[in-house]
Structure formats: structure tokens, C-alpha cells
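Engineer: Take a look at model.txt, compact mmCIF, C-alpha atoms:
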```txt
# COMPACT_ATOMS: atom_id res chain seq x y z
CA MET A 1 143.30 26.68 96.71
CA ALA A 2 145.03 26.97 93.37
CA LEU A 3 145.41 30.28 91.59
CA ARG A 4 142.97 29.21 88.91
CA ASP A 5 140.34 28.28 91.56
CA ASN A 6 140.52 31.69 93.17
CA PRO A 7 137.39 33.65 92.12
CA PHE A 8 139.33 36.88 92.29
CA GLY A 9 142.22 35.59 90.28
CA GLU A 10 140.88 36.99 87.04
CA LEU A 11 140.96 40.49 88.54
CA LYS A 12 144.68 40.50 89.01
CA VAL A 13 145.48 41.16 85.37
CA PRO A 14 143.16 44.16 85.02
CA LEU A 15 144.36 45.60 88.33
CA ALA A 16 147.96 45.15 87.39
CA LEU A 17 147.32 46.66 83.98
CA THR A 18 145.57 49.63 85.54
CA ALA A 19 148.43 50.17 87.98
CA ALA A 20 150.94 50.01 85.14
CA VAL A 21 148.98 52.54 83.07
CA ALA A 22 148.68 54.87 86.05
CA LEU A 23 152.39 54.62 86.74
CA LEU A 24 153.15 55.34 83.09
CA VAL A 25 150.86 58.36 83.10
CA ALA A 26 152.47 59.65 86.28
CA VAL A 27 155.90 59.30 84.76
CA VAL A 28 154.82 61.13 81.61
CA VAL A 29 153.29 63.93 83.63
CA ALA A 30 156.40 64.23 85.77
CA ILE A 31 158.62 64.41 82.72
CA ALA A 32 156.34 66.98 81.11
CA ILE A 33 156.43 69.13 84.25
CA LEU A 34 160.21 68.89 84.43
CA LEU A 35 160.58 69.83 80.79
CA SER A 36 158.09 72.68 81.03
CA ASP A 37 159.98 74.13 83.99
CA ARG A 38 163.04 74.89 81.90
CA ARG A 39 164.04 78.53 81.91
CA GLU A 40 164.10 80.15 78.51
CA THR A 41 166.57 82.92 77.71
CA LEU A 42 165.37 86.38 76.83
CA LYS A 43 166.60 85.93 73.31
CA GLU A 44 164.35 82.96 72.71
CA GLU A 45 160.58 82.76 72.79
CA ALA A 46 159.05 83.19 76.23
CA TYR A 47 156.81 80.21 75.56
CA GLY A 48 159.15 77.51 74.25
CA VAL A 49 158.44 74.29 72.38
CA THR A 50 159.15 72.13 75.37
CA ARG A 51 156.65 73.99 77.48
CA GLN A 52 154.05 73.76 74.74
CA VAL A 53 154.49 69.98 74.53
CA GLY A 54 154.36 69.67 78.30
CA ASP A 55 151.18 71.71 78.62
CA ALA A 56 149.52 69.78 75.78
CA VAL A 57 150.24 66.48 77.53
CA ALA A 58 149.49 67.68 81.08
CA ALA A 59 146.11 69.31 80.33
CA PRO A 60 144.04 66.19 79.56
CA VAL A 61 145.90 64.10 82.11
CA SER A 62 145.34 66.70 84.82
CA GLY A 63 141.63 66.77 83.94
CA VAL A 64 141.40 62.98 84.33
CA VAL A 65 143.35 63.06 87.59
CA ALA A 66 141.24 65.90 89.01
CA ALA A 67 137.92 64.28 88.06
CA PRO A 68 137.80 61.94 91.11
CA GLY A 69 138.41 64.95 93.33
CA ARG A 70 135.50 66.83 91.77
CA TRP A 71 133.25 63.82 92.03
CA GLY A 72 134.24 63.39 95.64
CA GLY A 73 133.42 67.04 96.40
CA GLN A 74 130.03 66.76 94.73
CA GLY A 75 129.27 63.56 96.58
CA LEU A 76 130.29 65.19 99.86
CA ASP A 77 128.00 68.16 99.15
CA ALA A 78 125.12 65.82 98.36
CA LEU A 79 125.77 63.86 101.53
CA ARG A 80 125.96 67.04 103.59
CA GLY A 81 122.70 68.33 102.03
CA TYR A 82 120.99 65.02 102.77
CA PHE A 83 121.97 64.99 106.43
CA PHE A 84 121.21 68.71 106.91
CA ALA A 85 117.92 68.67 104.98
CA VAL A 86 115.84 68.67 108.17
CA SER A 87 117.46 71.79 109.60
CA GLU A 88 117.33 73.51 106.21
CA ASN A 89 113.63 72.68 105.92
CA ARG A 90 112.95 74.20 109.33
CA ARG A 91 114.85 77.35 108.42
CA LEU A 92 112.94 77.74 105.15
CA LYS A 93 109.62 77.24 106.93
CA ALA A 94 110.48 79.98 109.42
CA GLU A 95 111.44 82.35 106.60
CA LEU A 96 108.21 81.53 104.75
CA LYS A 97 106.14 82.24 107.84
CA GLU A 98 107.84 85.59 108.34
CA ALA A 99 107.40 86.44 104.66
CA ARG A 100 103.69 85.69 104.90
CA GLN A 101 103.36 88.00 107.89
CA TRP A 102 105.05 90.81 105.97
CA ARG A 103 102.79 90.09 103.00
CA ASP A 104 99.71 90.49 105.21
CA VAL A 105 101.07 93.77 106.56
CA ALA A 106 101.76 95.02 103.03
CA LEU A 107 98.25 94.11 101.85
CA ALA A 108 96.68 95.87 104.86
CA LEU A 109 98.76 99.00 104.24
CA ARG A 110 97.84 98.99 100.57
CA ASP A 111 94.15 98.70 101.42
CA THR A 112 94.41 101.55 103.95
CA ASN A 113 96.28 103.69 101.43
CA ASP A 114 93.61 103.08 98.77
CA ARG A 115 90.88 104.06 101.23
CA TYR A 116 92.78 107.23 102.16
CA HIS A 117 93.01 108.16 98.50
CA ALA A 118 89.28 107.53 97.97
CA LEU A 119 88.34 109.45 101.11
CA LEU A 120 90.56 112.43 100.33
CA GLY A 121 89.22 112.48 96.78
CA LEU A 122 85.63 112.88 98.03
CA LYS A 123 84.08 116.04 96.56
CA THR A 124 80.67 117.69 96.61
CA GLU A 125 79.01 120.17 94.29
CA PRO A 126 79.07 122.93 95.36
CA PRO A 127 82.24 122.39 97.41
CA ILE A 128 81.70 121.96 101.15
CA PRO A 129 84.52 122.05 103.74
CA MET A 130 85.22 118.67 105.33
CA VAL A 131 86.99 117.26 108.38
CA ALA A 132 88.65 113.84 108.28
CA ALA A 133 88.08 111.64 111.31
CA ARG A 134 88.33 108.06 112.48
CA THR A 135 85.58 106.13 114.21
CA VAL A 136 86.95 104.87 117.52
CA SER A 137 84.03 102.92 118.97
CA ASP A 138 80.79 101.31 117.95
CA SER A 139 77.70 101.45 120.12
CA ARG A 140 75.09 98.93 119.03
CA GLY A 141 71.98 97.61 120.63
CA PRO A 142 68.51 96.37 119.72
CA PHE A 143 67.39 99.92 118.87
CA ALA A 144 70.53 102.09 118.76
CA ASN A 145 73.20 102.33 116.08
CA SER A 146 75.79 105.04 116.64
CA ARG A 147 79.53 105.58 116.61
CA LEU A 148 82.09 107.93 118.05
CA ALA A 149 84.50 109.89 115.85
CA ASN A 150 87.72 111.48 117.11
CA ALA A 151 86.85 115.00 115.89
CA GLY A 152 84.77 117.53 117.79
CA LYS A 153 84.39 121.19 118.64
CA GLU A 154 88.06 121.94 118.06
CA LYS A 155 87.45 121.23 114.35
CA ASN A 156 84.16 123.17 114.14
CA VAL A 157 82.01 120.05 114.00
CA GLU A 158 78.37 120.76 114.88
CA PRO A 159 75.22 118.65 115.34
CA GLY A 160 73.51 117.94 112.07
CA ASN A 161 76.68 117.70 109.99
CA PRO A 162 76.51 114.84 107.45
CA VAL A 163 79.08 112.03 107.76
CA MET A 164 80.37 110.13 104.73
CA SER A 165 82.75 107.27 104.09
CA GLU A 166 84.60 106.72 100.83
CA ASN A 167 81.56 104.81 99.53
CA GLY A 168 78.53 106.83 100.62
CA LEU A 169 76.50 108.49 103.36
CA VAL A 170 76.96 107.03 106.85
CA GLY A 171 74.73 109.25 109.00
CA ARG A 172 74.82 112.61 110.75
CA ILE A 173 76.28 114.17 113.88
CA ILE A 174 73.93 114.26 116.88
CA GLY A 175 76.35 115.27 119.64
CA VAL A 176 79.66 117.10 119.85
CA THR A 177 82.21 117.58 122.59
CA LYS A 178 85.88 118.46 122.66
CA GLY A 179 87.82 115.79 120.79
CA ALA A 180 84.83 113.56 119.94
CA SER A 181 81.45 113.55 118.24
CA ARG A 182 78.65 111.00 118.06
CA ILE A 183 77.38 109.76 114.70
CA LEU A 184 73.79 108.59 114.31
CA LEU A 185 73.86 105.90 111.62
CA LEU A 186 71.22 105.62 108.91
CA THR A 187 70.11 102.30 110.39
CA ASP A 188 69.14 103.76 113.78
CA VAL A 189 65.41 103.83 114.61
CA ALA A 190 65.64 107.59 115.18
CA SER A 191 67.13 108.25 111.75
CA ARG A 192 64.95 109.97 109.13
CA THR A 193 66.66 111.04 105.91
CA PRO A 194 64.99 112.68 102.88
CA VAL A 195 66.10 110.83 99.76
CA MET A 196 65.18 110.54 96.10
CA ILE A 197 65.31 107.86 93.42
CA ASP A 198 67.90 108.82 90.84
CA ARG A 199 66.02 107.33 87.88
CA THR A 200 62.56 108.86 88.52
CA ASN A 201 63.43 111.73 90.89
CA ALA A 202 60.73 110.35 93.22
CA ARG A 203 60.98 111.52 96.81
CA ALA A 204 60.95 109.27 99.88
CA ILE A 205 62.02 109.15 103.52
CA LEU A 206 64.74 106.67 104.47
CA THR A 207 63.70 105.31 107.85
CA GLY A 208 65.97 103.21 110.04
CA ASP A 209 64.53 100.26 111.95
CA GLY A 210 67.64 98.83 113.61
CA GLY A 211 68.34 96.41 110.76
CA PRO A 212 71.07 96.59 108.15
CA ASN A 213 68.70 97.83 105.41
CA PRO A 214 66.54 100.89 106.25
CA ARG A 215 63.08 101.29 104.69
CA LEU A 216 61.87 103.61 101.94
CA GLU A 217 58.64 105.20 103.11
CA TYR A 218 56.13 107.73 101.71
CA LEU A 219 56.91 106.88 98.10
CA ARG A 220 54.62 108.65 95.63
CA GLY A 221 53.82 108.09 91.96
CA LYS A 222 53.27 105.14 89.66
CA GLU A 223 56.17 102.71 89.93
CA PRO A 224 58.49 105.26 91.52
CA VAL A 225 61.21 102.71 92.24
CA ARG A 226 62.54 99.52 90.72
CA GLN A 227 65.01 96.88 91.82
CA GLY A 228 68.55 98.25 91.66
CA ASP A 229 67.68 101.96 91.44
CA ARG A 230 70.28 104.30 92.92
CA VAL A 231 69.16 106.25 95.97
CA LEU A 232 70.58 109.72 96.66
CA THR A 233 69.92 112.44 99.20
CA SER A 234 67.24 114.84 97.95
CA GLY A 235 68.28 117.90 99.97
CA ASP A 236 64.66 118.54 100.97
CA GLY A 237 64.38 120.54 104.15
CA GLY A 238 67.92 121.85 103.87
CA VAL A 239 69.25 119.21 106.28
CA LEU A 240 71.59 117.44 103.84
CA PRO A 241 73.20 118.45 100.55
CA ARG A 242 71.55 117.11 97.42
CA GLY A 243 73.04 114.19 95.50
CA LEU A 244 75.05 112.34 98.17
CA PRO A 245 75.12 108.57 97.41
CA VAL A 246 73.06 106.50 99.84
CA GLY A 247 72.66 103.03 98.33
CA VAL A 248 70.63 100.78 96.05
CA ALA A 249 66.92 99.99 96.31
CA VAL A 250 65.91 96.35 96.87
CA LYS A 251 62.69 94.53 97.64
CA GLY A 252 62.69 93.20 101.20
CA LEU A 253 61.30 89.88 102.35
CA ASP A 254 58.44 91.77 104.00
CA GLY A 255 57.41 93.27 100.66
CA ARG A 256 58.70 96.77 101.49
CA TRP A 257 61.24 98.70 99.56
CA ARG A 258 64.56 98.89 101.37
CA VAL A 259 68.04 100.23 100.67
CA VAL A 260 71.32 98.35 100.66
CA LEU A 261 73.61 101.07 102.00
CA ALA A 262 76.67 101.96 99.95
CA SER A 263 78.65 102.58 103.14
CA ASP A 264 78.30 98.90 104.10
CA THR A 265 80.59 97.76 101.28
CA ALA A 266 83.65 98.47 103.47
CA PRO A 267 84.33 98.92 107.20
CA ILE A 268 83.43 102.39 108.47
CA ASP A 269 86.82 103.21 109.96
CA PHE A 270 87.64 106.51 108.27
CA VAL A 271 85.02 109.17 107.57
CA GLN A 272 84.66 112.72 106.34
CA ILE A 273 82.44 115.08 108.32
CA LEU A 274 80.86 117.68 106.05
CA LEU A 275 80.72 121.06 107.79
CA PHE A 276 77.27 121.69 106.37
CA LYS A 277 74.49 123.37 108.34
CA ASP A 278 71.79 124.09 105.77
CA PHE A 279 71.37 125.62 102.35
CA THR A 280 71.54 129.14 103.78
CA GLN A 281 75.30 128.83 104.13
CA LEU A 282 75.54 127.92 100.44
CA SER A 283 73.24 130.76 99.41
CA ALA A 284 75.15 133.19 101.64
CA SER A 285 78.45 132.22 100.04
CA ALA A 286 76.93 132.49 96.57
CA LYS A 287 75.45 135.92 97.45
CA ALA A 288 78.83 137.13 98.71
CA GLU A 289 80.46 135.97 95.47
CA LEU A 290 77.80 137.73 93.41
CA ASP A 291 78.27 140.93 95.42
CA ARG A 292 81.99 140.90 94.61
CA MET A 293 81.30 140.80 90.88
CA ASP A 294 81.39 144.10 88.95
CA PRO A 295 78.06 145.18 87.39
CA LEU A 296 77.79 144.76 83.65
CA PRO A 297 78.11 148.01 81.59
CA PRO A 298 74.93 149.20 79.85
CA SER A 299 74.48 148.22 76.25
CA GLU A 300 75.33 150.73 73.50
CA GLY A 301 72.63 153.43 73.06
CA ALA A 302 70.80 152.57 76.26
CA ALA A 303 71.72 155.93 77.94
CA THR A 304 70.68 158.00 74.85
CA ILE A 305 67.35 156.30 74.60
CA THR A 306 66.76 156.85 78.27
CA ALA A 307 67.66 160.56 78.04
CA GLN A 308 65.83 161.49 74.83
CA THR A 309 62.66 159.45 75.01
CA PRO A 310 60.21 161.02 77.45
CA PRO A 311 57.82 158.74 79.25
CA PRO A 312 54.45 158.46 77.52
CA ALA A 313 51.94 161.07 78.81
CA ARG A 314 48.84 159.77 80.42
CA ALA A 315 45.54 160.85 78.85
CA PRO A 316 43.43 163.08 81.11
CA ALA A 317 40.58 161.32 82.76
CA PRO A 318 37.10 162.27 81.42
CA PRO A 319 34.97 164.48 83.75
CA LEU A 320 32.43 162.70 85.83
CA PRO A 321 28.80 163.36 84.85
CA LYS A 322 26.82 165.63 87.17
CA PRO A 323 24.03 163.92 89.06
CA ALA A 324 20.52 164.79 87.83
CA ALA A 325 18.32 166.98 90.03
CA ALA A 326 15.79 165.14 92.08
CA THR A 327 12.15 165.50 90.89
CA PRO A 328 9.62 166.10 93.70
CA LEU A 329 6.96 163.51 94.12
CA GLY A 330 3.62 164.39 92.58
CA ALA A 331 5.00 167.02 90.19
```
Any chance you could give the structure as C-alpha cells?
Structural biologist:
Amino acid sequence: MALRDNPFGELKVPLALTAAVALLVAVVVAIAILLSDRRETLKEEAYGVTRQVGDAVAAPVSGVVAAPGRWGGQGLDALRGYFFAVSENRRLKAELKEARQWRDVALALRDTNDRYHALLGLKTEPPIPMVAARTVSDSRGPFANSRLANAGKEKNVEPGNPVMSENGLVGRIIGVTKGASRILLLTDVASRTPVMIDRTNARAILTGDGGPNPRLEYLRGKEPVRQGDRVLTSGDGGVLPRGLPVGVAVKGLDGRWRVVLASDTAPIDFVQILLFKDFTQLSASAKAELDRMDPLPPSEGAATITAQTPPPARAPAPPLPKPAAATPLGA
């Protein structure tokens, strides 16, 4: 085959020209390096003219020469990332799974912390001492709704004490032992709680029937309750303090008024047991506080008026008339 018939023959000139240019560039760079390596005397400038010329020529040439190396490194990194993408994907998935677990833990801790703050911020008027506890078991059946709390006689808990969550009234204590107490929930069939409607001040008895929404019974008055009315404890009978939140009144499917309990808006895990017996303890504390107060001084002039003004004299009673003498018959 002749040189002209060779299909690659036309490439010889460009290849040869490229090789010649590369050789020329290499020679120029070598000369520039040799010239820039000359030692200057201390009397002359530390950065001589020859070194300036050499650096000016070597800088762009070095950039062009180093470009294939950079491109090769980038290509190698891309190739390495492509072949190791599977293992990297697995590693990232494992990290994401662990991060999600920690996120769930953080959300649970934040929720618990918020509930602690709400529970510790629970206050009554007048103030009543409280004991924080945690419900440890749930006893449910067709007719019984009760729970156990991990606070008992060692914390002065007694039967009849009201139990509240951060949202509202839960029930009352019906049994106490050392280290535990049983809570009768408002939904139990044995639960009877005196309540009132906040809007009308109408009285009623909240009666549990085993379902989630206890009934409002013995309502009195014309339209004593409406849909959405707030229901509070009335304090009647001295069993519970007045004004504790119970829930919201709703009309049941059976046509009776029922209450959606406020305590059902969150799990009943943490509770506050109110160390409340009856209103006598509140009146006794108020009486003791009143006894400690100093009596008010008499007003100005009160002692003088008392000393100088004699009490009004009573008028003497008139004498009784003498009875008339009896006249004999026939006189």
C-alpha cells in the first residue's frame, strides 16, 4: 500500500508537528529553569532579570503541562466514586437509619419534658400540696377502670385524694398501701363526681358507665348545658376542690349529655395526687392564718365614746291594774 493510500497517512504531519512543538516547549522550559537557577550576588537584586524571564515563561507552560495530570486525577476520583458508589450508598443508609432513631428518641424526650413542665406547673386555688407519681399498670375490664400509681402511704396519700394529669381530672384514690395506690378513673361504673357547667353554673353528677365518655345526670334548669360547654368540679359535698377541669360537654348518640374528658387528650402516664381530704382542711388552715393576724386598733374616739356615753336607761314598767272585787250573785 502506498503512503498516499494509507488512511492514517494524513495524521503523520499533525503528530510530527505536535511532537516538534512539545520538544521545543521542553527545551524552552529547560533553558528557563537553567537560567533562573543562576546565583545572584548580594550586591545585586535578589530577584534578577533572568529569573523573572524564566518564571514568566515557565508559569503558563507548567500550567499546560500539569493540566493532564489534574484531569487524570479527577477522572480517577470519578472512576473510584463510580465503583465504590454501592458501598457508599450502604454506609449512608446505615447512618440515616441511626439518625432517625436518635431523632425519635429526641422527640420522645422533648414530649416527656413538656409534660413534666405542664405537670409541675399545675396549681390550685387555694394552694393544695401535691405528690407526683407515675401510673405503672392499667386494670381494665367490662365494668372496672382503675390504675396503680407508684406513690402510697410513705408520701401521705390517702383514699379520696383527687388525681390529676397535666390536662385535667383523672379520678380519685380508692386504696393505698406502701409504695402504691389505686386510682378509680372517672369512667368506672362506681365513679360519681359532683360537677358544674362553667357557663351556667348548673350542677350535675358525672357518672361513669365503663365507656370513654361518662354521663351528666341530674341536670336542673332550662337549657343548663350546651354543646361544647366546659365542665368543672363543683366542690359540692367537700369531696373535691372546686374548679378542677374535667372536660367538655357533648351530646351522645343515645341522646344523653356526656363529657369528653380533658385527661384523654394525652396518655395518663404522669399524675399529680392532690393531698386533699375535704374543705375542713382548707378552713382550718385559713382559721390558723386568721388567728395569727394582729387585731385591728380601734378607730379614733371609739374609747371616749364608750367611756362617756352611758347606756340608755330603760323606762320603768307601768304598774299592773288591781283586779276588781268579785260581786256576789243576787246582790
Engineer: Name all residues at most 12 Å from Ser146 (chain A) (count all atoms listed in the file; drop same-chain ones fewer than 2 positions away) and give them as a VMD selection string.
Structural biologist: chain A and resid 135 to 144 148 to 149 163 170 to 175 181 to 191 208 210 268
Engineer: Find, counting all atoms listed in the file, the residue in A:Ala78, A:Leu232, A:Ala180, A:Ala19 that gets nearest to Asn156 (chain A).
Structural biologist: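 Selected residue with least distance to Asn156 (chain A): A:Ala180.
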Engineer: Find the spatial neighbours of region 192-199 of chain A, counting only C-alpha atoms, within a cut-off of 7 Å - ignore same-chain residues fewer than 5 positions away - and output them as number ranges by chain.
Structural biologist: A: 204-208, 225, 229-236
Engineer: In Å, rounded to a single decimal, give me how far CA of Gln272 (chain A) is from CA of Ala132 (chain A).
Structural biologist: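 CA of Gln272 (chain A) lies 4.6 Å from CA of Ala132 (chain A).
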Engineer: Take CA of Trp257 (chain A) and CA of Asn213 (chain A) and report the distance between them in Å, one decimal.
Structural biologist: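 CA of Trp257 (chain A) sits 9.5 Å away from CA of Asn213 (chain A).
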Engineer: Report the distance between CA of Leu219 (chain A) and CA of Gly247 (chain A) in Å, rounded to one decimal place.
Structural biologist: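 So the answer is 16.2 Å.
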Engineer: Nearest to Ala262 (chain A) among A:Asn150, A:Asn201, A:Asn167, A:Thr177, with distances taken over all atoms listed in the file: which residue is it?
Structural biologist: A:Asn167
